[in-house]
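Novice: File target_6.txt follows (compact mmCIF, C-alpha atoms):
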# COMPACT_ATOMS: atom_id res chain seq x y z
CA LYS A 1 115.92 16.78 110.09
CA LYS A 2 118.05 13.85 109.04
CA ILE A 3 121.58 14.75 108.01
CA GLU A 4 123.02 12.73 105.13
CA ILE A 5 126.71 12.36 105.97
CA ASN A 6 129.20 10.26 104.07
CA PRO A 7 129.47 6.92 105.97
CA ASP A 8 133.27 7.25 106.07
CA VAL A 9 132.93 10.67 107.73
CA THR A 10 130.43 9.24 110.21
CA LYS A 11 132.81 6.40 111.04
CA GLU A 12 135.71 8.82 111.54
CA LEU A 13 133.58 11.13 113.69
CA ASN A 14 132.48 8.18 115.84
CA GLY A 15 136.15 7.27 116.33
CA ASN A 16 137.02 10.81 117.37
CA LEU A 17 134.31 11.14 120.02
CA LEU A 18 135.08 9.95 123.55
CA LEU A 19 132.45 9.65 126.27
CA PHE A 20 133.32 9.89 129.96
CA TYR A 21 131.16 9.70 133.06
CA THR A 22 132.15 12.48 135.46
CA GLY A 23 130.93 10.64 138.54
CA ILE A 24 128.83 13.65 139.46
CA LYS A 25 125.11 13.02 139.80
CA ARG A 26 122.71 15.88 139.44
CA LYS A 27 119.05 16.64 138.85
CA ALA A 28 118.80 18.16 135.39
CA ASN A 29 115.55 20.02 136.12
CA ASP A 30 117.02 21.70 139.19
CA LEU A 31 120.11 22.76 137.26
CA ALA A 32 118.23 24.04 134.24
CA ASP A 33 115.97 26.07 136.53
CA THR A 34 119.03 28.03 137.72
CA TYR A 35 119.63 29.54 134.28
CA THR A 36 116.53 29.12 132.10
CA TYR A 37 114.81 32.08 133.77
CA LYS A 38 117.53 34.39 132.36
CA LEU A 39 117.58 33.02 128.80
CA ASN A 40 115.76 36.07 127.46
CA SER A 41 118.52 38.30 128.80
CA LEU A 42 121.10 35.98 127.21
CA ASN A 43 119.68 36.34 123.72
CA ASN A 44 123.13 36.83 122.14
CA VAL A 45 124.42 33.61 123.70
CA MET A 46 121.36 31.72 122.50
CA ASN A 47 121.68 33.13 118.97
CA GLU A 48 125.38 32.26 118.81
CA THR A 49 124.63 28.74 120.02
CA TYR A 50 121.88 28.39 117.42
CA ASP A 51 124.25 29.55 114.66
CA LEU A 52 126.78 26.88 115.65
CA VAL A 53 124.30 24.22 114.52
CA PHE A 54 124.43 25.43 110.92
CA GLU A 55 128.18 25.82 110.95
CA GLY A 56 128.56 22.33 112.42
CA HIS A 57 126.23 20.90 109.78
CA LYS A 58 128.40 22.46 107.07
CA TYR A 59 131.58 20.96 108.55
CA LEU A 60 130.02 17.51 108.86
CA LEU A 61 128.90 17.54 105.23
CA ARG A 62 132.38 18.60 104.12
CA GLY A 63 134.12 16.07 106.38
CA GLU A 64 135.96 18.86 108.21
CA LEU A 65 135.80 17.06 111.52
CA ASP A 66 138.51 18.93 113.39
CA LYS A 67 136.64 22.18 112.67
CA PHE A 68 133.51 20.48 114.01
CA GLY A 69 135.44 19.57 117.18
CA GLN A 70 136.57 23.17 117.57
CA LEU A 71 132.91 24.27 117.39
CA LEU A 72 132.24 22.08 120.42
CA ASN A 73 134.82 24.16 122.28
CA ILE A 74 133.04 27.37 121.28
CA GLY A 75 129.71 25.83 122.32
CA TRP A 76 131.17 24.80 125.69
CA LYS A 77 132.33 28.35 126.37
CA LEU A 78 128.90 29.69 125.45
CA LYS A 79 127.15 27.15 127.70
CA ARG A 80 129.48 28.05 130.59
CA SER A 81 128.44 31.67 130.21
CA LEU A 82 124.85 30.72 131.13
CA GLY A 83 125.74 30.57 134.79
CA GLY A 84 127.68 28.92 137.57
CA SER A 85 125.46 25.85 137.86
CA VAL A 86 126.47 24.61 134.40
CA THR A 87 129.93 23.72 135.60
CA ASN A 88 132.02 23.39 138.72
CA LYS A 89 135.69 23.04 139.59
CA LYS A 90 135.79 19.30 138.91
CA ILE A 91 134.08 19.68 135.52
CA ASP A 92 136.40 22.55 134.59
CA ASN A 93 139.44 20.45 135.55
CA ILE A 94 138.22 17.54 133.41
CA TYR A 95 137.73 19.81 130.42
CA GLU A 96 141.02 21.68 130.85
CA THR A 97 142.92 18.39 131.18
CA ALA A 98 141.30 16.99 128.04
CA ILE A 99 142.10 20.14 126.04
CA LYS A 100 145.69 20.17 127.32
CA GLU A 101 146.12 16.55 126.21
CA GLY A 102 144.75 17.12 122.71
CA ALA A 103 140.95 17.30 122.70
CA LEU A 104 139.72 20.05 120.39
CA GLY A 105 136.40 20.53 122.15
CA GLY A 106 133.64 18.88 124.04
CA LYS A 107 130.35 19.26 125.78
CA LEU A 108 128.73 18.25 128.98
CA LEU A 109 125.64 16.34 127.97
CA GLY A 110 122.32 17.50 129.37
CA ALA A 111 121.71 20.50 131.59
CA GLY A 112 125.21 20.59 133.06
CA GLY A 113 126.75 20.23 136.48
CA GLY A 114 127.77 16.59 136.03
CA GLY A 115 126.81 13.47 134.16
CA PHE A 116 128.60 12.66 130.92
CA PHE A 117 131.28 14.56 129.00
CA LEU A 118 131.55 14.04 125.25
CA LEU A 119 134.93 15.06 123.85
CA TYR A 120 136.14 15.44 120.29
CA VAL A 121 139.69 14.10 120.11
CA PRO A 122 141.74 13.52 116.95
CA LYS A 123 142.72 9.85 116.66
CA ASN A 124 146.43 10.48 117.36
CA LYS A 125 145.57 12.06 120.74
CA THR A 126 143.01 9.50 121.93
CA LYS A 127 145.33 7.45 124.14
CA ARG A 128 146.74 10.58 125.81
CA VAL A 129 143.29 11.92 126.63
CA ILE A 130 141.97 8.58 127.91
CA SER A 131 145.10 8.13 130.04
CA SER A 132 144.87 11.65 131.46
CA LEU A 133 141.24 11.05 132.48
CA LYS A 134 141.80 7.51 133.80
CA LYS A 135 139.96 8.31 137.06
CA LEU A 136 136.74 8.69 135.02
CA HIS A 137 134.74 5.86 133.51
CA PHE A 138 135.29 5.79 129.73
CA PHE A 139 132.48 4.44 127.52
CA ARG A 140 132.86 3.16 123.98
CA PHE A 141 129.81 3.78 121.82
CA ASN A 142 128.70 3.72 118.21
CA PHE A 143 126.20 5.84 116.38
CA GLU A 144 122.85 4.18 115.86
CA ASN A 145 120.68 4.96 112.84
CA ARG A 146 117.56 3.20 114.10
CA GLY A 147 116.94 5.55 116.99
CA SER A 148 116.13 4.37 120.51
CA HIS A 149 115.39 0.69 120.94
CA ILE A 150 115.64 -1.95 123.63
CA ILE A 151 118.91 -3.86 123.44
CA ASN A 152 118.45 -5.92 126.61
CA SER A 153 115.31 -6.84 128.43
CA PHE A 154 115.24 -7.79 132.12
CA SER A 155 112.11 -9.76 132.88
Do you think you could lay out the structure here as structure tokens?

Specialist:
Amino acid sequence: KKIEINPDVTKELNGNLLLFYTGIKRKANDLADTYTYKLNSLNNVMNETYDLVFEGHKYLLRGELDKFGQLLNIGWKLKRSLGGSVTNKKIDNIYETAIKEGALGGKLLGAGGGGFFLLYVPKNKTKRVISSLKKLHFFRFNFENRGSHIINSFS
């Protein structure tokens, strides 16, 4: 379902999201297999995660972006509770460093265990967080309304 957000809020949100590559490669299917079999027993975690979507939607519509960022922190803690394969010491150190330097929340994209970390960081803390994670590759990005499309073709 498309979410109609004020363009100024979208622009501010885009500016507050930082994307880092952890340097850890993993196979998403293998990782997901380590915790998906127990999802039925983790019904409370799944319900809480589901409820975050509606709360996040509300914050985005209201432009309460710091509250949205804090929801990412709650979501991260819920995802971590799924099992040990979601995170590891390096991932935990990245997250703890980012939070210490001013990030309000974040999420490991995909199944977990590595890949990309998306962090919500208020503008006035951006330089501190980027500097504290300088060993990671930082990616600038912008939201795209058109969906997936080819931006470069190698023929």

Novice: To one decimal place, how far is atom CA of Asn93 of chain A from atom CA of Glu55 of chain A in Å?

Specialist: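 We find that atom CA of Asn93 of chain A and atom CA of Glu55 of chain A lie 27.6 Å from each other.
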
Novice: Rounded to one decimal place, report the atom CA of Asp8 of chain A-atom CA of Tyr59 of chain A distance in Å.

Specialist: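 It comes out at 14.0 Å.
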
Novice: Could you tell me how far atom CA of Asp92 of chain A sits from atom CA of Gly115 of chain A, in Å to one decimal place?

Specialist: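 Between these atoms lies a distance of 13.2 Å.
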
Novice: Would you please work out which residue, of A:Asn88, A:Gln70, A:Thr126, A:Ser131, is nearest to Gly105 of chain A when using all atoms listed in the file?

Specialist: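 Ranking A:Asn88, A:Gln70, A:Thr126, A:Ser131 by distance to Gly105 of chain A, first place goes to A:Gln70.
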
Novice: Name the closest residue to Asn142 of chain A among the candidates A:Asn44, A:Asn6, A:Asn73, A:Asn14; distances are taken between atoms, counting only C-alpha atoms.

Specialist: A:Asn14

Novice: May I ask which of the residues A:Leu19, A:Leu136, A:Leu78, A:Ile150 is the closest one to Leu109 of chain A, counting all atoms listed in the file?

Specialist: A:Leu19

Novice: Within 9 Å of Gly63 of chain A, counting only C-alpha atoms, which residues qualify if same-chain residues fewer than 3 places away don't, as a JSON list (two decimals) with C-alpha atoms, keeping the file's coordinate frame?

Specialist:
[["chain", "number", "residue", "atom", "x", "y", "z"],
["A", 5, "ILE", "CA", 126.71, 12.36, 105.97],
["A", 6, "ASN", "CA", 129.20, 10.26, 104.07],
["A", 8, "ASP", "CA", 133.27, 7.25, 106.07],
["A", 9, "VAL", "CA", 132.93, 10.67, 107.73],
["A", 10, "THR", "CA", 130.43, 9.24, 110.21],
["A", 13, "LEU", "CA", 133.58, 11.13, 113.69],
["A", 58, "LYS", "CA", 128.40, 22.46, 107.07],
["A", 59, "TYR", "CA", 131.58, 20.96, 108.55],
["A", 60, "LEU", "CA", 130.02, 17.51, 108.86],
["A", 66, "ASP", "CA", 138.51, 18.93, 113.39],
["A", 68, "PHE", "CA", 133.51, 20.48, 114.01]]

Novice: So, with all atoms listed in the file as the atoms that count, which of A:Leu104, A:Val86, A:Leu61, A:Val45 lies closest to Ile3 of chain A?

Specialist: A:Leu61

Novice: Would you list the contacts of Gly102 of chain A as a list in words, taking every protein, DNA or RNA residue within 10 Å and counting all atoms listed in the file, but skipping same-chain residues closer than 6 positions in sequence?

Specialist: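 In the requested format, the answer is Tyr120, Val121, Pro122, Lys123, Asn124, Lys125, Thr126, Lys127, Arg128 and Val129 of chain A.
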
Novice: Go through A:Leu65, A:Leu133, A:Leu119, A:Leu72 one by one, measure the shortest atom-to-atom distance of each to Thr97 of chain A using all atoms listed in the file, and give the residue with the smallest value.

Specialist: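 Going through A:Leu65, A:Leu133, A:Leu119, A:Leu72 one by one, the smallest distance to Thr97 of chain A is for A:Leu133.
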
Novice: At a cut-off of 7 Å, using only C-alpha atoms, what residues contact Phe20 of chain A? Leave out same-chain residues fewer than 4 positions from it and give the result as a list in words.

Specialist: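 Those residues are Phe116, Phe117, Leu118, Leu136, His137, Phe138 and Phe139 of chain A.
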
Novice: Using all atoms listed in the file, which protein or nucleic acid residues come within 12 Å of Lys89 of chain A? Drop anything in the same chain fewer than 6 positions from it, and give the result as a compact mmCIF listing (two decimals) with C-alpha atoms, in the frame of the given file.

Specialist:
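Saved file result14.txt follows:
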# COMPACT_ATOMS: atom_id res chain seq x y z
CA THR A 22 132.15 12.48 135.46
CA ILE A 24 128.83 13.65 139.46
CA TYR A 95 137.73 19.81 130.42
CA GLU A 96 141.02 21.68 130.85
CA GLY A 113 126.75 20.23 136.48
CA GLY A 114 127.77 16.59 136.03

Novice: Identify which of the residues A:Gly69, A:Leu82, A:Ile99, A:Gly23 lies closest to Thr49 of chain A, counting only C-alpha atoms when measuring atom-to-atom distances.

Specialist: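 Among A:Gly69, A:Leu82, A:Ile99, A:Gly23, it is A:Leu82 that comes nearest to Thr49 of chain A.
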
Novice: Please determine an axis-aligned box that encloses all atoms of segment 97-107 of chain A listed in the file, with 8 Å added on each side, and express its centre and edge lengths in Å to one decimal as AutoDock Vina command-line options.

Specialist:
--center_x 138.2 --center_y 18.5 --center_z 125.8 --size_x 31.8 --size_y 20.0 --size_z 26.8
